[in-house]
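Coordinates from model12.txt are shown below (compact mmCIF, C-alpha atoms).
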# COMPACT_ATOMS: atom_id res chain seq x y z
CA MET A 1 -40.88 -18.13 43.29
CA LEU A 2 -38.14 -18.35 45.88
CA LYS A 3 -40.48 -20.29 48.14
CA HIS A 4 -40.35 -23.23 45.73
CA LEU A 5 -36.57 -23.32 45.61
CA PRO A 6 -34.89 -25.99 47.65
CA THR A 7 -33.11 -24.81 50.76
CA LEU A 8 -29.59 -25.83 49.85
CA GLU A 9 -27.80 -24.76 52.99
CA ASP A 10 -24.80 -26.89 52.49
CA GLU A 11 -22.31 -25.40 50.03
CA ARG A 12 -21.31 -28.84 48.82
CA THR A 13 -24.88 -29.74 48.02
CA LEU A 14 -25.15 -26.48 46.15
CA VAL A 15 -22.03 -27.25 44.14
CA GLN A 16 -23.19 -30.78 43.33
CA SER A 17 -26.52 -29.43 42.21
CA CYS A 18 -24.82 -26.88 39.95
CA LYS A 19 -22.55 -29.58 38.52
CA LYS A 20 -25.65 -31.50 37.47
CA GLN A 21 -26.80 -28.34 35.69
CA ASP A 22 -29.87 -28.40 37.87
CA ARG A 23 -31.66 -25.11 37.28
CA LYS A 24 -33.03 -24.87 40.81
CA GLY A 25 -29.58 -25.39 42.22
CA GLN A 26 -28.15 -22.75 39.92
CA HIS A 27 -30.87 -20.34 41.00
CA ALA A 28 -30.13 -21.07 44.62
CA ALA A 29 -26.42 -20.39 44.06
CA TYR A 30 -27.28 -17.17 42.27
CA ASN A 31 -29.55 -16.04 45.08
CA ARG A 32 -26.90 -16.79 47.62
CA TYR A 33 -23.97 -15.00 46.01
CA ALA A 34 -25.37 -12.48 43.53
CA GLY A 35 -25.59 -9.64 46.07
CA LYS A 36 -22.02 -10.01 47.26
CA MET A 37 -20.73 -10.36 43.73
CA MET A 38 -22.68 -7.33 42.61
CA ALA A 39 -20.81 -5.35 45.27
CA VAL A 40 -17.51 -6.72 43.96
CA CYS A 41 -18.32 -5.75 40.38
CA ARG A 42 -19.45 -2.26 41.37
CA ARG A 43 -16.26 -1.71 43.35
CA TYR A 44 -14.22 -2.35 40.22
CA LEU A 45 -16.48 -0.95 37.51
CA GLY A 46 -18.67 1.62 39.24
CA ALA A 47 -22.44 1.62 39.51
CA GLY A 48 -23.12 1.47 35.77
CA PRO A 49 -24.40 -1.24 33.43
CA ASP A 50 -20.86 -2.62 33.10
CA ALA A 51 -21.08 -4.04 36.59
CA GLU A 52 -24.33 -5.84 35.74
CA ASP A 53 -22.81 -7.18 32.53
CA ALA A 54 -19.78 -8.43 34.42
CA LEU A 55 -22.01 -10.09 37.00
CA MET A 56 -24.03 -11.85 34.33
CA GLU A 57 -20.99 -12.99 32.36
CA GLY A 58 -19.38 -14.08 35.60
CA PHE A 59 -22.32 -16.27 36.58
CA MET A 60 -22.45 -17.74 33.09
CA LYS A 61 -18.81 -18.78 33.55
CA VAL A 62 -19.51 -20.09 37.03
CA PHE A 63 -22.23 -22.40 35.70
CA SER A 64 -20.36 -23.47 32.59
CA LYS A 65 -16.99 -24.06 34.31
CA ILE A 66 -18.39 -25.56 37.48
CA ASP A 67 -16.80 -28.92 36.66
CA SER A 68 -13.36 -27.37 37.04
CA PHE A 69 -14.12 -26.29 40.60
CA LYS A 70 -12.19 -28.44 43.04
CA GLU A 71 -14.21 -28.74 46.16
CA ASP A 72 -11.26 -28.42 48.51
CA GLY A 73 -11.57 -24.61 48.40
CA SER A 74 -14.33 -22.15 49.13
CA PHE A 75 -17.07 -21.95 46.50
CA GLU A 76 -17.62 -18.30 47.29
CA GLY A 77 -13.91 -17.57 46.90
CA TRP A 78 -13.92 -19.34 43.52
CA ILE A 79 -16.93 -17.33 42.33
CA ARG A 80 -15.31 -14.13 43.57
CA ARG A 81 -12.13 -14.83 41.59
CA ILE A 82 -14.19 -15.37 38.46
CA MET A 83 -16.01 -12.09 39.04
CA VAL A 84 -12.77 -10.20 39.61
CA ASN A 85 -11.30 -11.64 36.41
CA GLU A 86 -14.43 -10.65 34.53
CA CYS A 87 -14.13 -7.09 35.86
CA LEU A 88 -10.45 -6.93 34.91
CA MET A 89 -11.31 -8.04 31.38
CA LYS A 90 -13.87 -5.27 31.12
CA ILE A 91 -11.41 -2.69 32.45
CA ARG A 92 -8.82 -3.83 29.91
CA LYS A 93 -11.34 -3.61 27.08
CA GLN A 94 -12.29 -0.12 28.13
CA GLY A 95 -8.62 0.84 28.25
CA ASP A 96 -9.07 2.31 31.71
CA MET A 97 -5.89 0.88 33.12
CA HIS A 98 -3.87 4.07 32.92
CA SER A 99 -1.19 2.78 35.19
CA THR A 100 1.98 4.73 34.91
CA PRO A 101 4.89 2.34 35.06
CA ILE A 102 6.67 3.95 37.93
CA GLU A 103 8.90 1.48 39.66
CA GLU A 104 9.49 3.59 42.72
CA ALA A 105 6.89 3.36 45.42
CA TRP A 106 5.83 6.47 47.16
CA GLY A 107 6.13 6.87 50.90
CA VAL A 108 2.68 7.61 52.14
CA GLY A 109 3.20 7.67 55.86
CA GLN A 110 0.85 6.09 58.36
CA ALA A 111 -2.83 5.66 57.86
CA ASP A 112 -5.09 8.02 59.70
CA GLU A 113 -6.72 6.39 62.69
CA ALA A 114 -10.07 7.76 61.61
CA PHE A 115 -9.98 5.33 58.68
CA MET A 116 -10.48 2.47 61.10
CA TYR A 117 -13.89 3.75 62.10
CA MET A 118 -15.24 4.56 58.69
CA ARG A 119 -18.50 2.98 57.69
CA THR A 120 -18.64 0.62 54.79
CA ALA A 121 -20.54 3.00 52.55
CA GLU A 122 -17.92 5.70 53.20
CA ILE A 123 -15.09 3.34 52.37
CA GLU A 124 -16.83 2.32 49.16
CA ALA A 125 -17.38 5.95 48.22
CA LEU A 126 -13.69 6.68 48.79
CA ILE A 127 -12.60 3.77 46.65
CA ALA A 128 -15.09 4.65 43.92
CA GLU A 129 -13.54 8.11 43.59
CA LEU A 130 -10.12 6.71 42.77
CA PRO A 131 -9.03 6.66 39.12
CA PRO A 132 -9.61 3.25 37.52
CA GLY A 133 -5.93 2.24 37.54
CA TYR A 134 -5.39 3.05 41.22
CA ARG A 135 -8.77 1.70 42.16
CA THR A 136 -8.11 -1.65 40.50
CA ILE A 137 -4.80 -2.20 42.25
CA PHE A 138 -6.12 -0.95 45.57
CA ASN A 139 -9.06 -3.34 45.30
CA LEU A 140 -6.86 -6.26 44.35
CA TYR A 141 -4.29 -5.68 47.05
CA ALA A 142 -6.15 -4.14 49.99
CA ILE A 143 -9.58 -5.74 49.64
CA GLU A 144 -9.05 -9.04 47.80
CA GLY A 145 -5.68 -9.71 49.43
CA TYR A 146 -3.62 -10.49 46.34
CA SER A 147 0.15 -10.00 46.53
CA HIS A 148 2.00 -7.57 44.25
CA ASP A 149 3.43 -10.48 42.27
CA GLU A 150 -0.03 -11.92 41.70
CA ILE A 151 -1.34 -8.52 40.67
CA ALA A 152 1.60 -8.07 38.31
CA ASN A 153 0.70 -11.42 36.73
CA MET A 154 -2.96 -10.62 36.43
CA LEU A 155 -2.48 -7.18 34.93
CA GLN A 156 0.67 -7.90 32.93
CA ILE A 157 2.62 -5.22 34.72
CA SER A 158 5.65 -5.33 36.94
CA ALA A 159 5.39 -5.83 40.69
CA GLY A 160 7.05 -2.42 41.15
CA THR A 161 4.35 -0.73 39.11
CA SER A 162 1.74 -2.44 41.27
CA LYS A 163 3.43 -1.12 44.41
CA SER A 164 3.70 2.40 43.09
CA GLN A 165 0.05 2.42 42.01
CA LEU A 166 -0.99 1.25 45.45
CA SER A 167 1.04 3.99 47.12
CA ARG A 168 -0.54 6.60 44.90
CA ALA A 169 -3.97 5.24 45.66
CA ARG A 170 -3.31 5.46 49.41
CA THR A 171 -1.96 8.96 49.12
CA MET A 172 -5.07 9.96 47.23
CA ILE A 173 -7.31 8.40 49.88
CA GLN A 174 -5.45 10.28 52.60
CA HIS A 175 -5.79 13.47 50.67
CA LYS A 176 -9.52 12.99 50.23
CA MET A 177 -9.93 12.26 53.95
CA LYS A 178 -8.21 15.49 54.82
CA LEU A 179 -10.55 17.35 52.50
CA ILE A 180 -13.54 15.69 54.18
CA GLU A 181 -12.22 16.57 57.67
CA LEU A 182 -11.73 20.16 56.63
CA MET B 183 13.91 6.33 48.33
CA ASN B 184 11.33 6.43 51.08
CA GLU B 185 9.95 3.04 52.07
CA PRO B 186 6.21 3.16 52.54
CA ASN B 187 5.02 2.64 56.06
CA ASN B 188 2.61 -0.19 55.43
CA THR B 189 2.23 -1.46 58.96
CA SER B 190 -0.77 0.58 59.84
CA TRP B 191 -2.02 0.37 56.29
CA GLU B 192 -1.97 -3.41 56.48
CA GLU B 193 -4.04 -3.27 59.63
CA LEU B 194 -6.37 -0.88 57.93
CA ASP B 195 -6.55 -3.23 54.94
CA LYS B 196 -7.70 -6.04 57.22
CA VAL B 197 -10.39 -3.88 58.80
CA TRP B 198 -11.63 -2.61 55.47
CA ARG B 199 -11.48 -6.08 53.91
CA LYS B 200 -13.64 -7.44 56.67
CA LYS B 201 -16.16 -4.68 56.25
CA ILE B 202 -16.27 -4.69 52.48
CA GLN B 203 -16.04 -8.38 51.63
CA ASP B 204 -19.34 -9.18 53.28
CA GLN B 205 -21.02 -6.22 51.69
CA ALA B 206 -23.89 -7.09 49.34
CA ASP B 207 -25.56 -4.81 46.85
CA ASP B 208 -28.99 -4.95 45.29
CA VAL B 209 -29.16 -7.03 42.15
CA PRO B 210 -31.42 -6.04 39.23
CA ALA B 211 -34.58 -8.13 39.31
CA ASN B 212 -34.41 -9.36 35.73
CA LEU B 213 -30.77 -10.44 35.81
CA TRP B 214 -31.56 -14.04 36.70
CA ASP B 215 -34.08 -14.23 33.87
CA LYS B 216 -31.37 -13.15 31.44
CA ILE B 217 -28.97 -15.74 32.81
CA GLU B 218 -31.65 -18.44 32.67
CA THR B 219 -32.44 -17.58 29.05
CA ARG B 220 -28.80 -17.87 28.11
CA LEU B 221 -28.47 -21.15 29.98
CA ASP B 222 -31.48 -22.49 28.07
CA GLU B 223 -29.93 -21.39 24.77
CA GLN B 224 -26.73 -23.21 25.66
CA GLN B 225 -28.64 -26.39 26.39
CA VAL B 226 -30.62 -26.22 23.15
CA ARG B 227 -27.48 -25.85 21.06
CA PRO B 228 -26.49 -29.19 19.47
CA MET B 229 -23.94 -31.20 21.31
CA TRP B 230 -21.47 -31.38 18.43
CA THR B 231 -21.13 -27.58 18.40
CA ARG B 232 -20.03 -27.67 22.00
CA VAL B 233 -17.75 -30.65 21.68
CA ARG B 234 -14.19 -29.58 21.43
CA MET B 235 -12.18 -32.51 20.14
CA SER B 236 -8.62 -32.58 19.00
CA PRO B 237 -7.86 -33.44 15.36
CA TRP B 238 -6.66 -36.86 16.52
CA THR B 239 -10.00 -37.56 18.13
CA TRP B 240 -11.83 -36.50 14.99
CA SER B 241 -9.54 -38.75 12.93
CA ALA B 242 -10.21 -41.69 15.21
CA ALA B 243 -13.94 -41.07 14.94
CA ALA B 244 -13.67 -40.97 11.15
CA VAL B 245 -11.73 -44.26 11.06
CA ILE B 246 -14.29 -45.93 13.29
CA ALA B 247 -17.09 -44.68 11.05
CA ILE B 248 -15.32 -46.07 7.98
CA LEU B 249 -14.75 -49.42 9.67
CA ILE B 250 -18.39 -49.62 10.65
CA GLY B 251 -19.32 -48.80 7.08
CA MET B 252 -17.05 -51.55 5.74
CA ASN B 253 -18.47 -54.06 8.16
CA TRP B 254 -21.98 -53.09 7.08
CA ASP B 255 -21.01 -53.55 3.46
CA GLN B 256 -19.56 -57.00 4.16
CA SER B 257 -22.59 -58.07 6.11
CA MET B 258 -24.84 -57.39 3.10
CA PRO B 259 -25.66 -60.48 0.97
CA GLU B 260 -23.41 -61.04 -2.01
CA GLU B 261 -25.06 -61.30 -5.41
CA LYS B 262 -22.94 -64.19 -6.63
CA GLY B 263 -23.72 -66.25 -3.58
CA ASN B 264 -27.44 -65.79 -3.99
CA PRO B 265 -28.99 -69.24 -3.55
CA LEU B 266 -32.33 -68.34 -5.10
CA VAL B 267 -31.08 -68.39 -8.70
CA VAL B 268 -28.44 -70.98 -9.28
CA GLU B 269 -28.66 -71.78 -12.93
CA SER B 270 -30.42 -70.43 -15.95
CA LYS B 271 -30.51 -71.99 -19.38
CA ILE B 272 -31.86 -70.81 -22.67
CA LYS B 273 -33.24 -73.58 -24.82
CA PRO B 274 -34.92 -73.36 -28.15
CA SER B 275 -38.44 -74.77 -28.30
CA SER B 276 -37.65 -77.25 -31.03
CA SER B 277 -35.38 -80.08 -30.25
CA GLU B 278 -33.29 -79.58 -33.33
CA PRO B 279 -31.30 -76.43 -33.71
CA ILE B 280 -31.60 -74.45 -36.90
CA HIS B 281 -28.77 -75.32 -39.22
CA LEU B 282 -28.32 -73.16 -42.21
CA PRO B 283 -25.72 -73.72 -44.87
CA ALA B 284 -22.64 -71.76 -44.23
CA ASP B 285 -23.06 -69.82 -47.46
CA VAL B 286 -26.60 -68.82 -46.60
CA GLU B 287 -25.55 -67.78 -43.14
CA GLU B 288 -22.91 -65.68 -44.70
CA LEU B 289 -25.52 -64.12 -46.91
CA ILE B 290 -27.80 -63.37 -44.04
CA THR B 291 -25.17 -61.65 -42.03
CA THR B 292 -23.82 -59.70 -44.96
CA GLN B 293 -25.40 -56.73 -46.64
CA VAL B 294 -25.84 -57.98 -50.18
CA LYS B 295 -26.93 -56.11 -53.27
CA PRO B 296 -29.42 -58.13 -55.40
CA SER B 297 -27.35 -57.68 -58.52
CA VAL B 298 -24.35 -59.20 -56.86
CA VAL B 299 -26.21 -62.18 -55.45
CA ARG B 300 -26.30 -64.23 -58.60
CA GLU B 301 -22.63 -63.75 -59.22
CA SER B 302 -21.56 -64.38 -55.67
CA LEU B 303 -23.56 -67.54 -55.03
CA ALA B 304 -22.00 -70.84 -55.81
CA PRO B 305 -23.97 -73.21 -58.10
CA SER B 306 -24.28 -75.78 -55.31
CA VAL B 307 -26.06 -73.28 -53.16
CA ILE B 308 -28.41 -72.29 -55.97
CA GLU B 309 -29.32 -75.96 -56.35
CA LYS B 310 -30.13 -76.28 -52.70
CA LEU B 311 -32.15 -73.11 -52.70
CA PRO B 312 -33.76 -72.75 -56.11
CA ASN B 313 -35.69 -69.69 -55.14
CA VAL B 314 -32.74 -68.17 -53.49
CA GLU B 315 -32.64 -65.00 -55.49
CA THR B 316 -35.99 -63.77 -54.29
CA GLN B 317 -35.26 -65.01 -50.82
CA VAL B 318 -31.89 -63.40 -50.70
CA MET B 319 -33.29 -60.13 -51.91
CA GLU B 320 -35.83 -60.13 -49.16
CA GLU B 321 -33.25 -61.16 -46.69
CA ALA B 322 -30.93 -58.50 -47.91
CA ARG B 323 -33.53 -55.91 -47.00
CA ALA B 324 -34.01 -57.35 -43.59
CA PRO B 325 -31.21 -59.77 -43.06
CA ILE B 326 -32.00 -60.89 -39.58
CA ALA B 327 -35.67 -60.06 -39.38
CA SER B 328 -36.66 -63.18 -41.30
CA VAL B 329 -34.87 -65.53 -38.96
CA ALA B 330 -34.30 -63.85 -35.64
CA PRO B 331 -37.95 -63.05 -34.75
CA LYS B 332 -38.86 -66.68 -35.24
CA GLU B 333 -36.13 -67.64 -32.86
CA GLU B 334 -37.35 -65.13 -30.28
CA GLU B 335 -40.92 -66.38 -30.52
CA SER B 336 -39.92 -69.96 -29.99
CA GLU B 337 -37.34 -69.15 -27.38
CA GLU B 338 -37.84 -70.42 -23.91
CA ILE B 339 -35.59 -69.69 -21.07
CA TRP B 340 -35.29 -72.31 -18.44
CA VAL B 341 -34.45 -71.16 -15.00
CA ARG B 342 -33.60 -73.56 -12.32
CA VAL B 343 -34.11 -72.15 -8.89
CA ASP B 344 -32.34 -73.85 -6.05
CA ILE B 345 -33.06 -72.50 -2.65
CA ASP B 346 -30.27 -73.77 -0.51
CA PRO B 347 -30.33 -75.20 2.11
CA VAL B 348 -34.09 -75.73 2.42
CA LYS B 349 -34.50 -79.31 1.22
CA GLU B 350 -38.13 -79.13 0.15
CA ASN B 351 -37.17 -76.64 -2.51
CA ALA B 352 -33.90 -78.31 -3.40
CA LYS B 353 -35.31 -79.81 -6.60
CA PRO B 354 -34.82 -77.67 -9.64
CA VAL B 355 -37.90 -75.72 -10.36
CA SER B 356 -38.55 -74.93 -13.98
CA VAL B 357 -40.35 -71.82 -14.82
CA ALA B 358 -40.87 -70.38 -18.24
CA TYR B 359 -38.99 -67.20 -18.69
CA GLN B 360 -41.42 -64.41 -19.44
CA GLU B 361 -39.73 -61.22 -18.55
CA GLU B 362 -36.71 -59.88 -16.73
CA PRO B 363 -36.14 -61.85 -13.57
CA GLU B 364 -36.89 -59.85 -10.46
CA GLN B 365 -34.00 -58.82 -8.35
CA PRO B 366 -33.70 -61.19 -5.43
CA LYS B 367 -35.14 -59.80 -2.22
CA GLN B 368 -32.67 -58.58 0.28
CA LYS B 369 -31.83 -61.14 2.85
CA LYS B 370 -33.26 -60.86 6.24
CA SER B 371 -30.94 -59.70 8.95
CA GLY B 372 -29.43 -62.20 11.35
CA LEU B 373 -32.04 -61.36 13.92
CA GLY B 374 -34.79 -61.79 11.33
CA ARG B 375 -33.52 -65.22 10.34
CA PHE B 376 -33.24 -66.17 13.98
CA LEU B 377 -36.82 -65.07 14.63
CA LYS B 378 -37.93 -67.04 11.59
CA GLN B 379 -36.36 -70.18 13.01
CA LEU B 380 -37.95 -69.48 16.35
CA ARG B 381 -41.34 -69.14 14.67
CA GLN B 382 -40.75 -72.51 13.04
CA VAL B 383 -40.01 -74.02 16.42
CA VAL B 384 -43.16 -72.49 17.90
CA LYS B 385 -45.16 -74.00 15.05
CA GLY B 386 -43.68 -77.36 15.90
CA GLU B 387 -41.55 -77.63 12.78
CA GLN B 388 -37.92 -78.63 12.72
CA PRO B 389 -35.78 -75.49 12.73
CA ASP B 390 -33.03 -75.11 10.19
CA TRP B 391 -30.21 -73.52 12.10
CA GLU B 392 -27.94 -73.73 9.10
CA GLU B 393 -29.84 -70.87 7.55
CA LEU B 394 -28.56 -68.55 10.20
CA ARG B 395 -24.99 -68.95 9.08
CA GLU B 396 -25.63 -67.36 5.71
CA GLY B 397 -23.49 -64.31 5.25
CA LYS B 398 -21.94 -64.73 8.66
CA PRO B 399 -19.63 -67.72 8.73
CA SER B 400 -18.16 -66.49 11.94
CA LEU B 401 -21.47 -67.08 13.63
CA VAL B 402 -21.48 -70.80 12.90
CA ASP B 403 -19.96 -71.85 16.19
CA GLY B 404 -22.19 -69.56 18.14
CA ILE B 405 -25.28 -70.73 16.32
CA HIS B 406 -24.39 -74.36 16.90
CA GLN B 407 -23.91 -73.68 20.56
CA VAL B 408 -27.23 -71.92 20.79
CA ALA B 409 -28.90 -74.65 18.78
CA ASN B 410 -27.41 -77.38 20.94
CA THR B 411 -28.42 -75.59 24.09
CA TYR B 412 -31.90 -75.11 22.74
CA TYR B 413 -32.14 -78.74 21.68
CA ARG B 414 -30.98 -79.97 25.06
CA THR B 415 -33.41 -77.70 26.83
CA GLU B 416 -36.22 -78.88 24.60
CA GLN B 417 -35.38 -82.50 25.28
CA THR B 418 -35.22 -81.87 28.99
CA VAL B 419 -38.58 -80.15 28.96
CA LYS B 420 -40.10 -82.99 26.94
CA GLN B 421 -38.69 -85.58 29.34
CA THR B 422 -39.97 -83.62 32.29
CA PHE B 423 -43.47 -83.49 30.84
CA GLN B 424 -43.34 -87.18 29.97
CA ILE B 425 -42.31 -88.05 33.51
CA GLN B 426 -45.12 -85.97 34.91

Transcribe the structure of this file into structure tokens.
Amino acid sequence: MLKHLPTLEDERTLVQSCKKQDRKGQHAAYNRYAGKMMAVCRRYLGAGPDAEDALMEGFMKVFSKIDSFKEDGSFEGWIRRIMVNECLMKIRKQGDMHSTPIEEAWGVGQADEAFMYMRTAEIEALIAELPPGYRTIFNLYAIEGYSHDEIANMLQISAGTSKSQLSRARTMIQHKMKLIEL
Amino acid sequence: MNEPNNTSWEELDKVWRKKIQDQADDVPANLWDKIETRLDEQQVRPMWTRVRMSPWTWSAAAVIAILIGMNWDQSMPEEKGNPLVVESKIKPSSSEPIHLPADVEELITTQVKPSVVRESLAPSVIEKLPNVETQVMEEARAPIASVAPKEEESEEIWVRVDIDPVKENAKPVSVAYQEEPEQPKQKKSGLGRFLKQLRQVVKGEQPDWEELREGKPSLVDGIHQVANTYYRTEQTVKQTFQIQ
């Protein structure tokens, strides 16, 4: 089936095709970004059916809101933001955001140099073991690159709470690494 | 309060971000089918269910619909202006109308008991109608039946039909009234009348452009312009053929 799909290499062509609600174009966009977005959803929601649901809902929004995409930015970045928002909505619905509103950030010291050489699968496993609240903020800050103010806005918490959750997440990662080394 | 040492963590974040952001996982095979099904459902759904309009937009749409409706109503032919039936007259068959004495008329239209008739009638009336007692008694039983049916039988209704502005039919046409007149047919639309005139032209008959103005006075100027243009074109074509 993929053989019959048009080779839409150019992202702009892909976007234009999606804006025309062309099914082949939509399929091409899905094929191009579904794998990456699946990884995003699993990082936030774990490897359960929730991640698949979020991916599906996310793509539905991508195709229905495509007209609001301004083509001056990256299409992949836009899709990723939609997926992240979809995951955050699911986390909120599940009530998994047990973020303790602690304004004081913890001092976690320097990162272990061994972290730099970890493989991707190991990093993902470490992140997946974090509690949902820590994991969400760690993902948003460390992986997606959002600032604490942006995270505070997205999660309706204070920037200080975001910082403290991040510090706790890092401390937990360090602790797990030490256990692995032992 | 201990400030977190984020320097090395920020470097680590960059390294991890680079590694993780390009990571792709396997996607369930049937996920696209589910998305496609939902996309199809969205397309099948009627447009009006997806249209989100403000109350003002809905109001504007309603006003436009009403205006269109009013315009439609005005463009329909008016009954009083119907040129097919201009005049109708009811004439009795005999040239002389039935004249009854006033007293007799009074008797006819009044329920009269036979015993009272003799007392109530004046002597002059009895002289005029010697057999009036019997007659009045019969008439008292059916006061109008003796006169009115005769009138109905002899009644003729004259209907003059003027079809304006077609001149051939301009003379009043008399037809005996038999039953309820049929409701006049609905006028043709403007396009229909225009096509009719065109058909006349094709047949070689003189078109009657005035007919097009019926019901649409505002079209008069336009029709004249079209007619003049057509006439000029026709003349030019005729001249051209004559020259050739």

Point to revise | At most 12 Å to chain A: residues in chain B, all atoms listed in the file, as number ranges by chain | key: B: 183-225, 232

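Residues lying within 12 Å of range 383-387 of chain B, counting all atoms listed in the file and ignoring same-chain neighbours fewer than 4 positions away, are Phe376, Leu377, Lys378, Gln379, Trp391, Ala409, Tyr412, Tyr413 and Glu416 of chain B.
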
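We find CA of Gln16 in chain A and CA of Glu71 in chain A to be spaced 9.6 Å apart.
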
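For Gly95 in chain A, the non-local neighbours within 10 Å, defined as residues at least 6 positions apart in the same chain or in other chains and counting all atoms listed in the file, are Met89, Pro132 and Gly133 of chain A.
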
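Atom pair CA of Ala125 in chain A / CA of Gly48 in chain A has a distance of 14.4 Å (rounded to one decimal).
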
Exercise for review: Extract, using all atoms listed in the file, all DNA, RNA and protein residues at most 12 Å from Leu179 in chain A, discarding same-chain residues fewer than 6 positions from it, and format them as a ChimeraX atom specification.
Suggested key: /A:126,172-173

Practice item. Could you tell me which of A:Leu14, A:Ala128, A:Ala47, A:Leu88 comes closest to Phe75 in chain A if we count only C-alpha atoms? Key: A:Leu14

Review point. Lys70 in chain A: which residues within 12 Å, counting all atoms listed in the file, same-chain residues fewer than 6 positions away excluded, as a PyMOL selection string?
Key: chain A and resi 12+15-16+19+77-78

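CA of Thr171 in chain A is positioned 29.2 Å from CA of Ile82 in chain A.
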
Check your understanding: Out of A:Ile66, A:Lys176, A:Asp10, A:Ser158, which residue has the shortest atom-to-atom distance to Asp22 in chain A when counting only C-alpha atoms?
Key -> A:Ile66
